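Structure data follow from target19.json (JSON, C-alpha atoms):
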```
[["chain", "number", "residue", "atom", "x", "y", "z"],
["A", 1, "MET", "CA", 48.19, 74.45, 1.20],
["A", 2, "SER", "CA", 51.30, 75.13, 3.25],
["A", 3, "VAL", "CA", 53.62, 73.13, 5.50],
["A", 4, "ASP", "CA", 51.79, 74.54, 8.56],
["A", 5, "SER", "CA", 49.74, 72.11, 10.64],
["A", 6, "ARG", "CA", 45.93, 72.12, 10.67],
["A", 7, "PHE", "CA", 46.12, 73.60, 14.18],
["A", 8, "VAL", "CA", 48.00, 76.67, 12.92],
["A", 9, "HIS", "CA", 45.54, 76.95, 10.00],
["A", 10, "LYS", "CA", 42.66, 77.08, 12.48],
["A", 11, "ILE", "CA", 44.24, 79.83, 14.58],
["A", 12, "TRP", "CA", 45.20, 81.82, 11.46],
["A", 13, "GLN", "CA", 41.61, 81.64, 10.24],
["A", 14, "GLU", "CA", 40.23, 82.71, 13.64],
["A", 15, "HIS", "CA", 42.73, 85.46, 14.42],
["A", 16, "GLU", "CA", 43.49, 86.99, 11.03],
["A", 17, "LEU", "CA", 41.74, 85.63, 7.93],
["A", 18, "SER", "CA", 38.27, 86.07, 9.45],
["A", 19, "LYS", "CA", 39.10, 89.76, 9.89],
["A", 20, "MET", "CA", 39.95, 90.06, 6.18],
["A", 21, "VAL", "CA", 37.17, 87.85, 4.77],
["A", 22, "PRO", "CA", 33.77, 87.87, 6.53],
["A", 23, "GLY", "CA", 33.21, 84.39, 7.96],
["A", 24, "GLY", "CA", 36.76, 83.36, 7.08],
["A", 25, "VAL", "CA", 37.95, 81.73, 3.87],
["A", 26, "PRO", "CA", 35.42, 79.06, 2.83],
["A", 27, "PHE", "CA", 37.83, 76.59, 1.23],
["A", 28, "PRO", "CA", 39.90, 73.88, 2.96],
["A", 29, "LEU", "CA", 43.26, 74.97, 4.39],
["A", 30, "LEU", "CA", 45.47, 71.97, 3.67],
["A", 31, "SER", "CA", 48.55, 70.83, 5.57],
["A", 32, "ASP", "CA", 51.55, 69.58, 3.59],
["A", 33, "ALA", "CA", 53.65, 68.07, 6.38],
["A", 34, "GLY", "CA", 57.28, 67.77, 5.28],
["A", 35, "GLY", "CA", 56.56, 69.24, 1.86],
["A", 36, "ARG", "CA", 55.88, 65.82, 0.35],
["A", 37, "ILE", "CA", 53.03, 67.08, -1.82],
["A", 38, "GLY", "CA", 54.78, 70.35, -2.71],
["A", 39, "ALA", "CA", 57.81, 68.39, -3.88],
["A", 40, "ILE", "CA", 55.72, 66.39, -6.34],
["A", 41, "TYR", "CA", 54.16, 69.64, -7.58],
["A", 42, "GLY", "CA", 57.60, 71.26, -7.95],
["A", 43, "VAL", "CA", 57.08, 74.03, -5.39],
["A", 44, "TYR", "CA", 58.89, 72.74, -2.27],
["A", 45, "ASP", "CA", 61.99, 74.74, -1.34],
["A", 46, "GLU", "CA", 64.17, 72.21, 0.49],
["A", 47, "ALA", "CA", 66.54, 74.85, 1.90],
["A", 48, "ALA", "CA", 63.77, 76.98, 3.39],
["A", 49, "GLY", "CA", 61.55, 74.02, 4.27],
["A", 50, "VAL", "CA", 58.43, 75.67, 2.82],
["A", 51, "ASP", "CA", 56.20, 75.46, -0.22],
["A", 52, "ILE", "CA", 56.67, 78.57, -2.36],
["A", 53, "ARG", "CA", 53.83, 80.30, -4.23],
["A", 54, "GLY", "CA", 52.49, 77.77, -6.71],
["A", 55, "ARG", "CA", 49.06, 77.85, -8.29],
["A", 56, "PHE", "CA", 47.49, 75.12, -10.40],
["A", 57, "ILE", "CA", 44.21, 75.07, -12.35],
["A", 58, "ILE", "CA", 42.81, 71.53, -12.65],
["A", 59, "ASP", "CA", 39.86, 70.83, -14.98],
["A", 60, "PRO", "CA", 36.87, 68.52, -14.29],
["A", 61, "ASP", "CA", 38.74, 65.63, -16.01],
["A", 62, "PHE", "CA", 41.51, 66.05, -13.37],
["A", 63, "VAL", "CA", 43.97, 67.41, -15.95],
["A", 64, "ILE", "CA", 46.30, 70.28, -14.98],
["A", 65, "ARG", "CA", 45.57, 73.20, -17.33],
["A", 66, "ALA", "CA", 47.77, 75.94, -15.88],
["A", 67, "MET", "CA", 50.52, 76.46, -13.36],
["A", 68, "GLU", "CA", 52.18, 79.60, -12.00],
["A", 69, "VAL", "CA", 55.08, 79.52, -9.57],
["A", 70, "LEU", "CA", 56.55, 82.62, -7.87],
["A", 71, "THR", "CA", 59.27, 83.04, -5.27],
["A", 72, "PRO", "CA", 57.70, 84.20, -1.99],
["A", 73, "GLU", "CA", 58.39, 87.97, -2.19],
["A", 74, "VAL", "CA", 55.73, 88.77, -4.79],
["A", 75, "GLY", "CA", 52.04, 88.09, -4.27],
["A", 76, "ARG", "CA", 49.67, 86.74, -6.87],
["A", 77, "ASN", "CA", 47.08, 88.44, -9.08],
["A", 78, "PRO", "CA", 43.64, 86.90, -8.42],
["A", 79, "ALA", "CA", 42.18, 88.77, -11.42],
["A", 80, "GLU", "CA", 44.57, 86.89, -13.74],
["A", 81, "LEU", "CA", 43.64, 83.60, -12.08],
["A", 82, "MET", "CA", 39.93, 84.32, -12.73],
["A", 83, "ARG", "CA", 40.69, 85.36, -16.32],
["A", 84, "GLN", "CA", 42.51, 82.09, -17.01],
["A", 85, "LEU", "CA", 39.75, 80.05, -15.33],
["A", 86, "LYS", "CA", 37.05, 81.70, -17.47],
["A", 87, "ALA", "CA", 39.13, 81.24, -20.62],
["A", 88, "PHE", "CA", 39.71, 77.53, -19.94],
["A", 89, "GLN", "CA", 36.01, 77.07, -19.19],
["A", 90, "HIS", "CA", 35.06, 78.86, -22.42],
["A", 91, "VAL", "CA", 37.47, 76.77, -24.46],
["A", 92, "ARG", "CA", 36.16, 73.56, -22.90],
["A", 93, "ASP", "CA", 32.53, 74.55, -23.60],
["A", 94, "THR", "CA", 32.95, 75.85, -27.16],
["A", 95, "GLY", "CA", 36.09, 74.34, -28.73],
["A", 96, "GLU", "CA", 37.17, 77.87, -29.66],
["A", 97, "VAL", "CA", 40.56, 79.23, -28.62],
["A", 98, "THR", "CA", 41.24, 82.52, -26.86],
["A", 99, "PRO", "CA", 43.92, 84.98, -27.99],
["A", 100, "SER", "CA", 46.34, 86.86, -25.75],
["A", 101, "GLY", "CA", 44.71, 88.83, -22.94],
["A", 102, "TRP", "CA", 41.23, 87.50, -23.77],
["A", 103, "GLU", "CA", 38.38, 88.54, -21.48],
["A", 104, "PRO", "CA", 34.83, 87.11, -21.58],
["A", 105, "GLY", "CA", 32.81, 88.71, -24.39],
["A", 106, "GLN", "CA", 35.83, 89.42, -26.57],
["A", 107, "ILE", "CA", 36.52, 87.76, -29.91],
["A", 108, "THR", "CA", 37.73, 84.17, -29.93],
["A", 109, "LEU", "CA", 39.49, 82.34, -32.75],
["A", 110, "LYS", "CA", 38.40, 79.22, -34.62],
["A", 111, "PRO", "CA", 41.63, 77.51, -35.67],
["A", 112, "GLY", "CA", 41.81, 76.03, -39.15],
["A", 113, "PRO", "CA", 43.41, 76.46, -42.58],
["A", 114, "ALA", "CA", 41.30, 79.53, -43.36],
["A", 115, "LEU", "CA", 42.78, 81.43, -40.42],
["A", 116, "VAL", "CA", 46.44, 80.94, -41.37],
["A", 117, "GLY", "CA", 47.99, 84.34, -42.08],
["A", 118, "ARG", "CA", 44.67, 86.09, -41.40],
["A", 119, "VAL", "CA", 44.62, 86.42, -37.64],
["A", 120, "TRP", "CA", 45.45, 90.14, -38.14],
["A", 121, "GLU", "CA", 42.13, 90.62, -39.94],
["A", 122, "VAL", "CA", 39.97, 89.34, -37.08],
["A", 123, "TRP", "CA", 41.99, 90.13, -33.96],
["A", 124, "LYS", "CA", 43.28, 93.61, -33.16],
["A", 125, "PRO", "CA", 45.20, 93.65, -29.86],
["B", 126, "MET", "CA", 34.16, 61.93, 5.66],
["B", 127, "PRO", "CA", 33.84, 61.92, 9.50],
["B", 128, "GLU", "CA", 35.82, 64.40, 11.54],
["B", 129, "LEU", "CA", 39.19, 63.09, 12.67],
["B", 130, "LYS", "CA", 39.54, 61.55, 16.08],
["B", 131, "GLU", "CA", 42.09, 64.07, 17.23],
["B", 132, "GLY", "CA", 45.67, 63.26, 18.09],
["B", 133, "CYS", "CA", 48.96, 65.08, 17.83],
["B", 134, "VAL", "CA", 50.31, 62.99, 14.99],
["B", 135, "LYS", "CA", 47.87, 62.01, 12.30],
["B", 136, "PRO", "CA", 49.44, 60.27, 9.35],
["B", 137, "VAL", "CA", 47.82, 60.97, 6.01],
["B", 138, "ARG", "CA", 48.75, 59.39, 2.76],
["B", 139, "GLY", "CA", 50.42, 62.43, 1.18],
["B", 140, "PRO", "CA", 51.01, 62.03, -2.54],
["B", 141, "ILE", "CA", 49.09, 59.08, -4.00],
["B", 142, "LEU", "CA", 51.23, 57.95, -6.89],
["B", 143, "PRO", "CA", 50.23, 55.32, -9.41],
["B", 144, "ALA", "CA", 51.62, 51.95, -8.39],
["B", 145, "SER", "CA", 54.45, 50.70, -10.56],
["B", 146, "PRO", "CA", 57.14, 48.07, -10.03],
["B", 147, "SER", "CA", 59.85, 50.70, -9.53],
["B", 148, "THR", "CA", 57.98, 52.74, -6.92],
["B", 149, "ALA", "CA", 56.28, 49.90, -5.06],
["B", 150, "ALA", "CA", 59.53, 48.88, -3.40],
["B", 151, "THR", "CA", 60.37, 52.41, -2.27],
["B", 152, "GLN", "CA", 57.00, 53.55, -0.97],
["B", 153, "ALA", "CA", 57.95, 53.07, 2.69],
["B", 154, "ALA", "CA", 60.99, 55.32, 2.35],
["B", 155, "PRO", "CA", 60.53, 57.81, -0.50],
["B", 156, "THR", "CA", 63.69, 58.31, -2.50],
["B", 157, "GLN", "CA", 64.88, 61.55, -4.02],
["B", 158, "GLU", "CA", 63.37, 60.31, -7.27],
["B", 159, "GLY", "CA", 60.02, 59.92, -5.52],
["B", 160, "ARG", "CA", 60.13, 63.60, -4.59],
["B", 161, "ALA", "CA", 60.92, 64.91, -8.07],
["B", 162, "MET", "CA", 58.42, 67.26, -9.69],
["B", 163, "GLN", "CA", 55.79, 65.31, -11.57],
["B", 164, "ALA", "CA", 53.13, 67.96, -12.23],
["B", 165, "ARG", "CA", 52.86, 68.92, -15.92],
["B", 166, "VAL", "CA", 50.26, 70.93, -17.76],
["B", 167, "GLY", "CA", 48.14, 68.76, -20.03],
["B", 168, "HIS", "CA", 48.73, 65.75, -17.78],
["B", 169, "GLU", "CA", 46.56, 64.33, -15.03],
["B", 170, "ALA", "CA", 47.02, 65.92, -11.61],
["B", 171, "ILE", "CA", 48.81, 63.87, -8.94],
["B", 172, "ASP", "CA", 46.31, 62.85, -6.31],
["B", 173, "PHE", "CA", 47.06, 63.33, -2.61],
["B", 174, "GLU", "CA", 45.45, 63.17, 0.80],
["B", 175, "ALA", "CA", 46.18, 65.88, 3.37],
["B", 176, "THR", "CA", 44.70, 66.93, 6.68],
["B", 177, "ALA", "CA", 42.78, 70.17, 6.49],
["B", 178, "PHE", "CA", 41.03, 72.76, 8.58],
["B", 179, "ILE", "CA", 37.66, 73.63, 7.01],
["B", 180, "GLU", "CA", 35.56, 76.50, 8.37],
["B", 181, "GLY", "CA", 32.34, 75.18, 9.89],
["B", 182, "VAL", "CA", 33.54, 71.56, 9.65],
["B", 183, "GLY", "CA", 36.75, 71.28, 11.65],
["B", 184, "PHE", "CA", 39.68, 68.99, 10.98],
["B", 185, "GLN", "CA", 39.21, 66.54, 8.15],
["B", 186, "PRO", "CA", 41.35, 64.59, 5.68],
["B", 187, "VAL", "CA", 40.88, 65.88, 2.14],
["B", 188, "LYS", "CA", 41.71, 64.01, -1.05],
["B", 189, "LEU", "CA", 42.26, 66.08, -4.18],
["B", 190, "SER", "CA", 40.33, 63.52, -6.21],
["B", 191, "ASP", "CA", 37.25, 64.15, -4.00],
["B", 192, "TYR", "CA", 36.86, 67.24, -6.21],
["B", 193, "ARG", "CA", 37.14, 65.40, -9.54],
["B", 194, "GLY", "CA", 34.40, 66.67, -11.86],
["B", 195, "GLN", "CA", 34.77, 70.26, -10.68],
["B", 196, "TRP", "CA", 37.21, 73.03, -11.55],
["B", 197, "ILE", "CA", 39.95, 73.05, -8.88],
["B", 198, "VAL", "CA", 42.39, 75.81, -7.94],
["B", 199, "LEU", "CA", 45.25, 74.38, -5.88],
["B", 200, "CYS", "CA", 47.40, 77.04, -4.17],
["B", 201, "PHE", "CA", 50.63, 76.62, -2.26],
["B", 202, "TYR", "CA", 52.01, 79.42, -0.07],
["B", 203, "PRO", "CA", 55.05, 79.77, 2.21],
["B", 204, "GLY", "CA", 53.30, 80.00, 5.56],
["B", 205, "ASP", "CA", 50.37, 81.08, 7.69],
["B", 206, "PHE", "CA", 50.70, 84.59, 9.19],
["B", 207, "THR", "CA", 53.09, 85.74, 6.46],
["B", 208, "PHE", "CA", 52.78, 89.17, 4.92],
["B", 209, "VAL", "CA", 52.34, 88.81, 1.16]]
```
The structure in this file should be written as C-alpha coordinates.
Amino acid sequence: MSVDSRFVHKIWQEHELSKMVPGGVPFPLLSDAGGRIGAIYGVYDEAAGVDIRGRFIIDPDFVIRAMEVLTPEVGRNPAELMRQLKAFQHVRDTGEVTPSGWEPGQITLKPGPALVGRVWEVWKP
Amino acid sequence: MPELKEGCVKPVRGPILPASPSTAATQAAPTQEGRAMQARVGHEAIDFEATAFIEGVGFQPVKLSDYRGQWIVLCFYPGDFTFV
(Lines of atoms letter the chains of each structure in order from A and count residues from 1; the text may use other names and numbers.)
(Lines give C-alpha, C1' and ligand atoms only; values in the text may rest on other atoms or scores of the structure.)
Protein backbone atom coordinates (compact mmCIF):
# COMPACT_ATOMS: atom_id res chain seq x y z
CA MET A 1 0.00 0.00 0.00
CA SER A 2 1.25 3.45 -0.94
CA VAL A 3 -0.29 6.83 -1.69
CA ASP A 4 0.11 6.13 -5.44
CA SER A 5 -3.07 5.64 -7.47
CA ARG A 6 -4.15 2.25 -8.83
CA PHE A 7 -3.17 3.51 -12.30
CA VAL A 8 0.45 4.04 -11.23
CA HIS A 9 0.42 0.62 -9.50
CA LYS A 10 -0.62 -0.99 -12.79
CA ILE A 11 2.16 0.68 -14.79
CA TRP A 12 4.74 -0.12 -12.09
CA GLN A 13 3.72 -3.78 -12.20
CA GLU A 14 3.88 -3.88 -16.01
CA HIS A 15 7.09 -1.92 -16.49
CA GLU A 16 9.23 -2.91 -13.51
CA LEU A 17 7.86 -5.43 -11.00
CA SER A 18 7.08 -8.00 -13.69
CA LYS A 19 10.76 -7.86 -14.67
CA MET A 20 11.79 -8.65 -11.08
CA VAL A 21 9.10 -11.24 -10.25
CA PRO A 22 7.91 -13.57 -13.03
CA GLY A 23 4.25 -12.77 -13.71
CA GLY A 24 4.41 -9.73 -11.43
CA VAL A 25 3.64 -9.61 -7.72
CA PRO A 26 0.53 -11.72 -7.04
CA PHE A 27 -0.91 -9.69 -4.16
CA PRO A 28 -3.13 -6.58 -4.37
CA LEU A 29 -1.33 -3.24 -4.75
CA LEU A 30 -3.46 -0.92 -2.62
CA SER A 31 -3.92 2.82 -2.99
CA ASP A 32 -3.99 4.98 0.15
CA ALA A 33 -5.20 8.28 -1.29
CA GLY A 34 -4.31 11.14 1.05
CA GLY A 35 -2.65 8.83 3.55
CA ARG A 36 -5.88 8.34 5.48
CA ILE A 37 -5.20 4.67 6.16
CA GLY A 38 -1.48 5.18 6.81
CA ALA A 39 -2.31 7.83 9.39
CA ILE A 40 -4.48 5.41 11.36
CA TYR A 41 -1.66 2.83 11.18
CA GLY A 42 0.91 5.42 12.34
CA VAL A 43 3.03 5.39 9.17
CA TYR A 44 1.90 8.53 7.28
CA ASP A 45 4.55 11.24 7.06
CA GLU A 46 2.52 14.45 6.75
CA ALA A 47 5.50 16.58 5.68
CA ALA A 48 6.53 14.25 2.86
CA GLY A 49 2.98 13.24 1.98
CA VAL A 50 3.85 9.53 1.82
CA ASP A 51 3.43 6.37 3.85
CA ILE A 52 6.81 5.28 5.22
CA ARG A 53 7.90 1.64 5.51
CA GLY A 54 5.45 -0.01 7.89
CA ARG A 55 4.78 -3.72 8.10
CA PHE A 56 2.02 -5.39 10.11
CA ILE A 57 1.31 -9.09 10.75
CA ILE A 58 -2.40 -9.71 11.36
CA ASP A 59 -3.59 -13.13 12.60
CA PRO A 60 -6.73 -15.03 11.48
CA ASP A 61 -8.70 -13.45 14.38
CA PHE A 62 -7.88 -10.01 12.84
CA VAL A 63 -5.54 -9.13 15.73
CA ILE A 64 -2.28 -7.26 14.99
CA ARG A 65 0.60 -9.47 16.18
CA ALA A 66 3.63 -7.50 14.99
CA MET A 67 4.56 -4.15 13.55
CA GLU A 68 7.82 -2.79 12.15
CA VAL A 69 8.25 0.79 10.98
CA LEU A 70 11.37 2.13 9.22
CA THR A 71 12.19 5.50 7.72
CA PRO A 72 12.40 5.17 3.92
CA GLU A 73 16.19 4.91 3.46
CA VAL A 74 16.56 1.33 4.70
CA GLY A 75 14.79 -1.61 3.09
CA ARG A 76 13.19 -4.48 4.94
CA ASN A 77 14.37 -8.03 5.64
CA PRO A 78 11.84 -10.52 4.20
CA ALA A 79 13.60 -13.41 5.98
CA GLU A 80 12.82 -11.80 9.35
CA LEU A 81 9.20 -11.28 8.29
CA MET A 82 8.92 -15.00 7.42
CA ARG A 83 10.62 -15.98 10.70
CA GLN A 84 8.12 -13.94 12.72
CA LEU A 85 5.17 -15.31 10.72
CA LYS A 86 6.26 -18.92 11.33
CA ALA A 87 6.85 -18.21 15.02
CA PHE A 88 3.40 -16.65 15.48
CA GLN A 89 1.81 -19.55 13.61
CA HIS A 90 3.68 -22.07 15.78
CA VAL A 91 2.66 -20.29 18.97
CA ARG A 92 -0.97 -20.17 17.85
CA ASP A 93 -0.97 -23.89 16.98
CA THR A 94 0.87 -25.21 20.06
CA GLY A 95 0.54 -22.72 22.93
CA GLU A 96 4.33 -22.86 23.32
CA VAL A 97 6.44 -19.71 23.24
CA THR A 98 9.51 -19.09 21.11
CA PRO A 99 12.76 -17.66 22.49
CA SER A 100 14.93 -15.01 20.87
CA GLY A 101 15.96 -15.76 17.29
CA TRP A 102 13.82 -18.91 17.13
CA GLU A 103 13.67 -20.76 13.82
CA PRO A 104 11.33 -23.67 13.00
CA GLY A 105 12.65 -26.93 14.47
CA GLN A 106 14.49 -25.25 17.33
CA ILE A 107 13.57 -25.62 21.00
CA THR A 108 10.50 -23.79 22.28
CA LEU A 109 9.65 -22.96 25.88
CA LYS A 110 6.63 -24.03 27.94
CA PRO A 111 6.08 -21.20 30.41
CA GLY A 112 5.20 -22.12 33.98
CA PRO A 113 6.52 -22.15 37.55
CA ALA A 114 8.94 -24.99 36.79
CA LEU A 115 10.77 -22.89 34.20
CA VAL A 116 11.47 -19.90 36.46
CA GLY A 117 15.24 -19.52 36.84
CA ARG A 118 15.86 -22.57 34.66
CA VAL A 119 15.65 -21.19 31.15
CA TRP A 120 19.48 -21.43 31.03
CA GLU A 121 19.24 -25.21 31.38
CA VAL A 122 17.02 -25.74 28.33
CA TRP A 123 17.91 -22.85 26.02
CA LYS A 124 21.48 -22.12 24.93
CA PRO A 125 21.61 -19.10 22.60
CA MET B 1 -16.48 -8.12 -6.02
CA PRO B 2 -17.10 -6.87 -9.60
CA GLU B 3 -14.46 -4.81 -11.35
CA LEU B 4 -14.90 -1.08 -10.88
CA LYS B 5 -16.73 0.92 -13.49
CA GLU B 6 -13.77 3.13 -14.24
CA GLY B 7 -13.64 6.84 -13.57
CA CYS B 8 -10.94 9.28 -12.62
CA VAL B 9 -12.15 9.80 -9.07
CA LYS B 10 -13.41 6.76 -7.26
CA PRO B 11 -14.21 7.34 -3.63
CA VAL B 12 -13.55 4.42 -1.33
CA ARG B 13 -14.34 4.29 2.32
CA GLY B 14 -10.77 4.51 3.62
CA PRO B 15 -10.47 3.63 7.29
CA ILE B 16 -13.62 1.95 8.64
CA LEU B 17 -13.69 2.95 12.27
CA PRO B 18 -16.12 1.61 14.83
CA ALA B 19 -19.06 3.97 15.19
CA SER B 20 -19.15 5.89 18.44
CA PRO B 21 -20.95 9.05 19.51
CA SER B 22 -17.75 11.12 19.39
CA THR B 23 -16.70 10.06 15.89
CA ALA B 24 -20.14 9.89 14.28
CA ALA B 25 -20.41 13.66 14.15
CA THR B 26 -16.97 14.12 12.58
CA GLN B 27 -17.03 11.39 9.96
CA ALA B 28 -17.72 13.80 7.08
CA ALA B 29 -14.67 15.91 7.93
CA PRO B 30 -12.04 13.83 9.76
CA THR B 31 -10.40 15.75 12.56
CA GLN B 32 -6.78 15.53 13.60
CA GLU B 33 -7.94 13.15 16.31
CA GLY B 34 -9.50 10.94 13.65
CA ARG B 35 -6.10 10.62 11.97
CA ALA B 36 -4.17 9.67 15.09
CA MET B 37 -2.43 6.30 15.14
CA GLN B 38 -4.76 3.61 16.39
CA ALA B 39 -2.92 0.42 15.42
CA ARG B 40 -1.58 -1.49 18.45
CA VAL B 41 -0.16 -4.98 18.74
CA GLY B 42 -2.51 -7.32 20.56
CA HIS B 43 -5.51 -5.26 19.44
CA GLU B 44 -7.85 -5.80 16.53
CA ALA B 45 -6.68 -4.36 13.21
CA ILE B 46 -8.47 -1.27 11.90
CA ASP B 47 -10.51 -2.23 8.88
CA PHE B 48 -10.35 -0.19 5.67
CA GLU B 49 -11.42 -0.23 2.05
CA ALA B 50 -8.99 0.87 -0.66
CA THR B 51 -8.88 0.65 -4.43
CA ALA B 52 -6.32 -1.82 -5.69
CA PHE B 53 -4.64 -3.10 -8.80
CA ILE B 54 -4.56 -6.91 -8.77
CA GLU B 55 -2.62 -8.85 -11.41
CA GLY B 56 -4.99 -10.84 -13.60
CA VAL B 57 -8.06 -9.10 -12.12
CA GLY B 58 -7.68 -5.38 -12.73
CA PHE B 59 -8.94 -2.55 -10.56
CA GLN B 60 -11.01 -3.58 -7.59
CA PRO B 61 -11.91 -2.25 -4.14
CA VAL B 62 -10.34 -4.35 -1.40
CA LYS B 63 -11.44 -4.49 2.22
CA LEU B 64 -8.89 -5.68 4.77
CA SER B 65 -11.60 -7.68 6.54
CA ASP B 66 -12.17 -9.67 3.31
CA TYR B 67 -9.05 -11.56 4.45
CA ARG B 68 -10.27 -12.25 8.00
CA GLY B 69 -9.52 -15.89 8.85
CA GLN B 70 -6.17 -15.84 7.06
CA TRP B 71 -2.73 -14.59 8.06
CA ILE B 72 -2.29 -11.09 6.59
CA VAL B 73 0.89 -9.11 5.93
CA LEU B 74 0.06 -5.43 5.40
CA CYS B 75 2.97 -3.40 3.98
CA PHE B 76 3.23 0.34 3.47
CA TYR B 77 5.98 1.86 1.31
CA PRO B 78 6.86 5.41 0.23
CA GLY B 79 6.13 5.13 -3.48
CA ASP B 80 6.03 3.14 -6.69
CA PHE B 81 9.25 3.30 -8.75
CA THR B 82 11.40 4.09 -5.72
CA PHE B 83 14.77 2.48 -5.23
CA VAL B 84 14.82 0.67 -1.90
*Which of these residues is nearest to Ser190 in chain B, using only C-alpha atoms: A:Val43, A:Val63, A:Ala48, A:Val25?*
A:Val63
Fewer than 6 positions away in the same chain doesn't count, so skip those; otherwise give me all residues within 7 Å of range 10-19 of chain A, counting only C-alpha atoms, as a PDB file with C-alpha atoms, in the coordinates of the input.
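Below is the file part_5.pdb, written as the result:
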```
ATOM      1  CA  VAL A  25      37.950  81.730   3.870  1.00  0.00           C
TER       2      VAL A  25
ATOM      3  CA  PHE B 178      41.030  72.760   8.580  1.00  0.00           C
ATOM      4  CA  ASP B 205      50.370  81.080   7.690  1.00  0.00           C
ATOM      5  CA  PHE B 206      50.700  84.590   9.190  1.00  0.00           C
TER       6      PHE B 206
END
```
Could you make a table, as JSON lines, of the residues of chain B that have an atom within 6 Å of an atom of chain A, each with its nearest atom pair and distance in Å to one decimal, counting only C-alpha atoms, in chain and number order?
```
{"residue": "B:Pro140", "atom": "CA", "partner": "A:Ile37", "partner_atom": "CA", "distance": 5.5}
{"residue": "B:Arg160", "atom": "CA", "partner": "A:Ala39", "partner_atom": "CA", "distance": 5.4}
{"residue": "B:Ala161", "atom": "CA", "partner": "A:Ile40", "partner_atom": "CA", "distance": 5.7}
{"residue": "B:Met162", "atom": "CA", "partner": "A:Ile40", "partner_atom": "CA", "distance": 4.4}
{"residue": "B:Gln163", "atom": "CA", "partner": "A:Ile40", "partner_atom": "CA", "distance": 5.3}
{"residue": "B:Ala164", "atom": "CA", "partner": "A:Tyr41", "partner_atom": "CA", "distance": 5.1}
{"residue": "B:Val166", "atom": "CA", "partner": "A:Ile64", "partner_atom": "CA", "distance": 4.9}
{"residue": "B:Gly167", "atom": "CA", "partner": "A:Ile64", "partner_atom": "CA", "distance": 5.6}
{"residue": "B:His168", "atom": "CA", "partner": "A:Val63", "partner_atom": "CA", "distance": 5.4}
{"residue": "B:Glu169", "atom": "CA", "partner": "A:Val63", "partner_atom": "CA", "distance": 4.1}
{"residue": "B:Ala170", "atom": "CA", "partner": "A:Val63", "partner_atom": "CA", "distance": 5.5}
{"residue": "B:Ala175", "atom": "CA", "partner": "A:Ser31", "partner_atom": "CA", "distance": 5.9}
{"residue": "B:Thr176", "atom": "CA", "partner": "A:Ser31", "partner_atom": "CA", "distance": 5.6}
{"residue": "B:Ala177", "atom": "CA", "partner": "A:Leu30", "partner_atom": "CA", "distance": 4.3}
{"residue": "B:Phe178", "atom": "CA", "partner": "A:Leu29", "partner_atom": "CA", "distance": 5.2}
{"residue": "B:Ile179", "atom": "CA", "partner": "A:Pro28", "partner_atom": "CA", "distance": 4.6}
{"residue": "B:Arg193", "atom": "CA", "partner": "A:Pro60", "partner_atom": "CA", "distance": 5.7}
{"residue": "B:Gly194", "atom": "CA", "partner": "A:Pro60", "partner_atom": "CA", "distance": 3.9}
{"residue": "B:Gln195", "atom": "CA", "partner": "A:Pro60", "partner_atom": "CA", "distance": 4.5}
{"residue": "B:Trp196", "atom": "CA", "partner": "A:Asp59", "partner_atom": "CA", "distance": 4.9}
{"residue": "B:Ile197", "atom": "CA", "partner": "A:Ile58", "partner_atom": "CA", "distance": 5.0}
{"residue": "B:Val198", "atom": "CA", "partner": "A:Ile57", "partner_atom": "CA", "distance": 4.8}
{"residue": "B:Leu199", "atom": "CA", "partner": "A:Phe56", "partner_atom": "CA", "distance": 5.1}
{"residue": "B:Cys200", "atom": "CA", "partner": "A:Arg55", "partner_atom": "CA", "distance": 4.5}
{"residue": "B:Phe201", "atom": "CA", "partner": "A:Met1", "partner_atom": "CA", "distance": 4.8}
{"residue": "B:Tyr202", "atom": "CA", "partner": "A:Arg53", "partner_atom": "CA", "distance": 4.6}
{"residue": "B:Pro203", "atom": "CA", "partner": "A:Ile52", "partner_atom": "CA", "distance": 5.0}
{"residue": "B:Gly204", "atom": "CA", "partner": "A:Ser2", "partner_atom": "CA", "distance": 5.7}
{"residue": "B:Val209", "atom": "CA", "partner": "A:Gly75", "partner_atom": "CA", "distance": 5.5}
```
*Please provide the set of residues having any atom within 12 Å of range 121-123 of chain A, restricted to only C-alpha atoms, with same-chain residues fewer than 5 positions apart removed, written as a PyMOL selection string.*
chain A and resi 98-102+106-110+114-116
_Report, in Å with one decimal, the straight-line distance from CA of Gln185 in chain B to CA of Asp172 in chain B._
16.5 Å
*asked:* Between CA of Pro143 in chain B and CA of Ile171 in chain B, what distance in Å does the model show, to one decimal?
replied: 8.7 Å
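Counting from CA of Arg83 in chain A, the distance to CA of Pro22 in chain A is 24.0 Å.
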Using 3 Å of padding on each side, determine the axis-aligned box around all atoms of range 24-39 of chain A present in the file and give its centre and edge lengths in Å to one decimal, as lines of an AutoDock Vina configuration file.
```
center_x = 46.6
center_y = 74.6
center_z = 1.6
size_x = 28.4
size_y = 23.5
size_z = 17.0
```
